[in-house]
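**Student:** Structure provided below as structure tokens; questions to follow.
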Amino acid sequence: MTSNNQTEIIAEPGKQELFIKREFEAPRELVFRAFTEADMLVKWLGPCNMTMRIDKHESWAGGSYRYVHIDPQDNEYGFHGVSHEMLVPERLIRTFEFEGLPESGHVVLETARFEVLPNERTKVTIQSVFQSVADRDGMVQAGMEYGVRESHQMLDEFLAKQLVN
Amino acid sequence: MALQSRRDVFQAIADPTRREIINLIAFNPLNLNAIAENFDVSRPAISQHIKILTECGLIVIKKQGRERYCEAKLQQLGEVSNWIEQYRKFWEGRFNALDDFLEELKTKNKKP
């Protein structure tokens with residue numbers, strides 16, 4: 001079942017930051033756990049058609065993490081960072097670096113805020129601050145490439161089904 | 001190659017003066033002098049910005065008699081918002097999976 005809650009991306013031209021906003025039909029404590037507990041993260045954080053492996057997961061301040069997404073061709077996409085703050089159940093601050101870039105050092109500062117809404121609902125706002133406008137736009141581009149790859153895979157599956165029938 | 005030219009659109013609008021130039025001529029083509037009057041920077045600097053915007057396809061220059069008018073081509077900007085839309089869909093996919101998972105957890109919690 002998919003909710004009617006819309007994901008909102010705010011990325012003003014020429015700025016080094018972007019915001020991702022989304023509301024959820026669950027109380028804040030539960031949503032916060034889904035963002036911080038390893039066995040819960042693997043259920044949803046992997047892009048569709050990819051499996052997710054957690055090499056390291058320390059949510060507490062000063063801890064570090066490394067996650068790997070694996071596509072059906074066994075290509076691995078790793079990212080890692082350090083947790084700066086875990087204020088249960090309202091705020092997470094951490095660094096984030098995608099390992100697939102041509103050079104290292106393009107680090108993002110991420111802050112996730114969890115707000116209580118009426119009727120046991122929760123609003124999540126993720127702010128990502130990049131080192132440059134080019135870094136931010138490059139990340140948006142990578143997201144697009146993921147999307148294109150996924151839709152190609154769906155097309156492949158669709159065509160494969162047509163052949164069988 | 002196609003990706004490179006799209007990236008240029010981002011670079012074009014990354015500069016605040018260039019964004020103001022686009023806003024200025026979005027609905028109303030103007031010649032270079034009229035554009036330059038709106039800014040404190042030098043005319044050659046405005047010329048340079050317009051050159052970049054032209055190279056990225058965000059502006060076309062049309063001759064009318066002796067005057068050269070700069071006209072905004074905003075379709076290119078649509079590509080920028082299209083990128084963001086793809087990125088949004090990427091997150092939407094994740095969050096839909098999270099919705100399902102949260103629903104599952106809530107159901108489990110209700111059971112004694």
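Residues in the structure tokens are named by chain (A, B, ... in the order shown) and by number from 1 within that chain; ligands are numbered from 1 in the order shown.
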Please run DSSP on the backbone and report, as number ranges by chain, all residues within chain A that come out as strand (DSSP E).
**Tutor:** A: 8-10, 17-24, 51-57, 64-70, 76-87, 91-98, 108-117, 121-129
**Student:** What are the nearest atom pairs, with distances in Å to one decimal, for all residues of chain B that come at most 7 Å from chain A, using only C-alpha atoms, set out by chain and rising residue number as CSV?
**Tutor:**
```
residue,atom,partner,partner_atom,distance
B:Ile13,CA,A:Pro13,CA,6.3
B:Ala14,CA,A:Gly14,CA,3.8
B:Asp15,CA,A:Gly14,CA,6.4
B:Trp83,CA,A:Met144,CA,6.0
B:Ile84,CA,A:Val140,CA,6.4
B:Gln86,CA,A:Met144,CA,4.8
B:Tyr87,CA,A:Gly143,CA,4.6
B:Arg88,CA,A:Ile9,CA,6.0
B:Phe90,CA,A:Gly147,CA,5.8
B:Glu92,CA,A:Thr7,CA,5.7
B:Gly93,CA,A:Cys48,CA,7.0
B:Arg94,CA,A:Trp44,CA,5.7
B:Asn96,CA,A:Thr2,CA,5.8
B:Ala97,CA,A:Trp44,CA,5.1
B:Leu98,CA,A:Trp44,CA,5.2
B:Asp99,CA,A:Thr2,CA,6.6
B:Asp100,CA,A:Met1,CA,6.1
B:Phe101,CA,A:Lys43,CA,7.0
B:Leu102,CA,A:Ala26,CA,6.6
```
**Student:** Keeping only N, CA and C atoms, write those residues as a PDB file, in the first residue's frame.
**Tutor:**
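Heads up, here's the output in again_22.pdb:
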```pdb
ATOM      1  N   ILE B  13      22.921  29.134 -14.623  1.00  0.00           N
ATOM      2  CA  ILE B  13      22.001  29.723 -13.649  1.00  0.00           C
ATOM      3  C   ILE B  13      22.584  29.753 -12.241  1.00  0.00           C
ATOM      4  N   ALA B  14      23.819  29.237 -12.089  1.00  0.00           N
ATOM      5  CA  ALA B  14      24.450  29.268 -10.772  1.00  0.00           C
ATOM      6  C   ALA B  14      24.844  30.698 -10.385  1.00  0.00           C
ATOM      7  N   ASP B  15      25.023  31.576 -11.363  1.00  0.00           N
ATOM      8  CA  ASP B  15      25.457  32.947 -11.096  1.00  0.00           C
ATOM      9  C   ASP B  15      24.255  33.871 -10.882  1.00  0.00           C
ATOM     10  N   TRP B  83      15.434  17.274 -14.042  1.00  0.00           N
ATOM     11  CA  TRP B  83      16.458  16.572 -13.260  1.00  0.00           C
ATOM     12  C   TRP B  83      15.986  16.397 -11.846  1.00  0.00           C
ATOM     13  N   ILE B  84      15.486  17.513 -11.283  1.00  0.00           N
ATOM     14  CA  ILE B  84      15.047  17.471  -9.887  1.00  0.00           C
ATOM     15  C   ILE B  84      13.872  16.510  -9.755  1.00  0.00           C
ATOM     16  N   GLN B  86      13.403  13.789 -11.464  1.00  0.00           N
ATOM     17  CA  GLN B  86      13.941  12.426 -11.448  1.00  0.00           C
ATOM     18  C   GLN B  86      14.511  12.081 -10.072  1.00  0.00           C
ATOM     19  N   TYR B  87      15.199  13.057  -9.479  1.00  0.00           N
ATOM     20  CA  TYR B  87      15.783  12.864  -8.146  1.00  0.00           C
ATOM     21  C   TYR B  87      14.666  12.657  -7.130  1.00  0.00           C
ATOM     22  N   ARG B  88      13.573  13.433  -7.308  1.00  0.00           N
ATOM     23  CA  ARG B  88      12.414  13.310  -6.425  1.00  0.00           C
ATOM     24  C   ARG B  88      11.820  11.899  -6.516  1.00  0.00           C
ATOM     25  N   PHE B  90      13.323   9.206  -7.328  1.00  0.00           N
ATOM     26  CA  PHE B  90      14.275   8.291  -6.693  1.00  0.00           C
ATOM     27  C   PHE B  90      13.978   8.200  -5.187  1.00  0.00           C
ATOM     28  N   GLU B  92      11.144   9.200  -3.767  1.00  0.00           N
ATOM     29  CA  GLU B  92       9.757   8.753  -3.611  1.00  0.00           C
ATOM     30  C   GLU B  92       9.701   7.220  -3.557  1.00  0.00           C
ATOM     31  N   GLY B  93      10.519   6.569  -4.391  1.00  0.00           N
ATOM     32  CA  GLY B  93      10.572   5.112  -4.399  1.00  0.00           C
ATOM     33  C   GLY B  93      10.987   4.569  -3.039  1.00  0.00           C
ATOM     34  N   ARG B  94      12.041   5.177  -2.466  1.00  0.00           N
ATOM     35  CA  ARG B  94      12.501   4.783  -1.136  1.00  0.00           C
ATOM     36  C   ARG B  94      11.413   4.983  -0.095  1.00  0.00           C
ATOM     37  N   ASN B  96       8.207   5.293  -0.406  1.00  0.00           N
ATOM     38  CA  ASN B  96       7.054   4.396  -0.554  1.00  0.00           C
ATOM     39  C   ASN B  96       7.344   3.051   0.109  1.00  0.00           C
ATOM     40  N   ALA B  97       8.596   2.596  -0.049  1.00  0.00           N
ATOM     41  CA  ALA B  97       8.996   1.348   0.612  1.00  0.00           C
ATOM     42  C   ALA B  97       8.949   1.531   2.132  1.00  0.00           C
ATOM     43  N   LEU B  98       9.359   2.712   2.595  1.00  0.00           N
ATOM     44  CA  LEU B  98       9.312   2.994   4.037  1.00  0.00           C
ATOM     45  C   LEU B  98       7.868   3.025   4.535  1.00  0.00           C
ATOM     46  N   ASP B  99       6.961   3.616   3.750  1.00  0.00           N
ATOM     47  CA  ASP B  99       5.525   3.611   4.093  1.00  0.00           C
ATOM     48  C   ASP B  99       5.047   2.185   4.363  1.00  0.00           C
ATOM     49  N   ASP B 100       5.354   1.293   3.420  1.00  0.00           N
ATOM     50  CA  ASP B 100       4.916  -0.103   3.542  1.00  0.00           C
ATOM     51  C   ASP B 100       5.477  -0.730   4.812  1.00  0.00           C
ATOM     52  N   PHE B 101       6.768  -0.447   5.055  1.00  0.00           N
ATOM     53  CA  PHE B 101       7.434  -1.034   6.211  1.00  0.00           C
ATOM     54  C   PHE B 101       6.837  -0.513   7.519  1.00  0.00           C
ATOM     55  N   LEU B 102       6.561   0.810   7.566  1.00  0.00           N
ATOM     56  CA  LEU B 102       5.971   1.409   8.777  1.00  0.00           C
ATOM     57  C   LEU B 102       4.586   0.814   9.040  1.00  0.00           C
TER      58      LEU B 102
END
```
**Student:** Got a sec to tell me which of chain A DSSP assigns to alpha helix (DSSP H), as a count of residues only?
**Tutor:** 45
**Student:** For Lys73 in chain B, find every residue with an atom within 7 Å (counting only C-alpha atoms), except residues of its own chain fewer than 2 positions away, and show them as a VMD selection string.
**Tutor:** chain B and resid 57 to 60 71 75 to 76
**Student:** For Arg18 in chain B, which of B:Leu32, B:Glu37, B:Ala45, B:Leu53 is the closest residue, counting only C-alpha atoms?
**Tutor:**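 The closest residue to Arg18 in chain B is B:Leu53.
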**Student:** Could you name the residues that touch Ser64 in chain A at 12 Å or less, counting only C-alpha atoms, but leaving out those on the same chain fewer than 5 positions away, as a ChimeraX atom specification?
**Tutor:** /A:54-59,79-85,93-97
**Student:** Using C-alpha atoms, can you export the residues from the last selection as a CSV table (one decimal), in the first residue's frame?
**Tutor:**
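Contents of the output file out.csv:
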```
chain,number,residue,atom,x,y,z
A,54,ILE,CA,25.4,-2.7,5.9
A,55,ASP,CA,29.2,-3.0,6.5
A,56,LYS,CA,29.1,-0.7,9.6
A,57,HIS,CA,26.4,1.1,11.4
A,58,GLU,CA,27.1,3.2,14.5
A,59,SER,CA,24.3,5.9,14.8
A,79,PHE,CA,28.8,5.4,0.7
A,80,HIS,CA,30.1,6.2,4.2
A,81,GLY,CA,30.3,8.9,6.8
A,82,VAL,CA,30.4,9.8,10.5
A,83,SER,CA,27.5,10.5,12.8
A,84,HIS,CA,27.8,13.9,14.5
A,85,GLU,CA,24.6,13.9,16.6
A,93,ILE,CA,23.3,15.0,11.9
A,94,ARG,CA,26.0,13.2,9.9
A,95,THR,CA,28.4,13.4,7.1
A,96,PHE,CA,27.9,11.5,3.8
A,97,GLU,CA,30.2,10.6,1.0
```
**Student:** What's the 12 Å shell around Glu90 in chain A, counting only C-alpha atoms, without same-chain residues fewer than 5 positions away, as a list in words?
**Tutor:**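 Counting only the stated atoms, we get Pro27, Arg28, Glu29, Leu30, Val31, Phe32, Arg33, Phe35, Thr36, Glu85, Thr111, Ala112, Arg113, Phe114, Glu115, Val116, Thr122, Lys123, Val124, Thr125 and Ile126 of chain A.
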**Student:** Just to be explicit: take each residue in the selection above, keep C-alpha atoms, and write the result as a compact mmCIF listing (two decimals), in the first residue's frame.
**Tutor:**
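For reference, result26.txt as written:
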```txt
# COMPACT_ATOMS: atom_id res chain seq x y z
CA PRO A 27 4.39 8.20 15.05
CA ARG A 28 7.73 9.99 15.30
CA GLU A 29 9.45 7.36 17.50
CA LEU A 30 8.76 4.68 14.90
CA VAL A 31 9.91 6.76 11.92
CA PHE A 32 13.05 7.75 13.81
CA ARG A 33 13.83 4.09 14.50
CA PHE A 35 16.04 5.82 10.02
CA THR A 36 18.51 4.70 12.68
CA GLU A 85 24.59 13.89 16.59
CA THR A 111 20.62 16.94 8.96
CA ALA A 112 17.38 15.00 9.32
CA ARG A 113 14.63 16.58 11.44
CA PHE A 114 11.61 14.62 12.67
CA GLU A 115 8.51 16.66 13.59
CA VAL A 116 5.38 15.42 15.34
CA THR A 122 5.44 12.60 11.29
CA LYS A 123 7.15 15.09 9.02
CA VAL A 124 10.76 14.40 8.00
CA THR A 125 12.96 17.16 6.57
CA ILE A 126 16.43 16.24 5.32
```
**Student:** What does the distance between CA of Arg53 in chain A and CA of Ile70 in chain A come to in Å, to one decimal place?
**Tutor:**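 So the two atoms, CA of Arg53 in chain A and CA of Ile70 in chain A, lie 7.7 Å apart.
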**Student:** So the first atom is CA of Glu120 in chain A and the second is CA of Ala38 in chain A; what is the distance between them in Å, to one decimal place?
**Tutor:**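 Straight-line distance from CA of Glu120 in chain A to CA of Ala38 in chain A works out to 23.4 Å.
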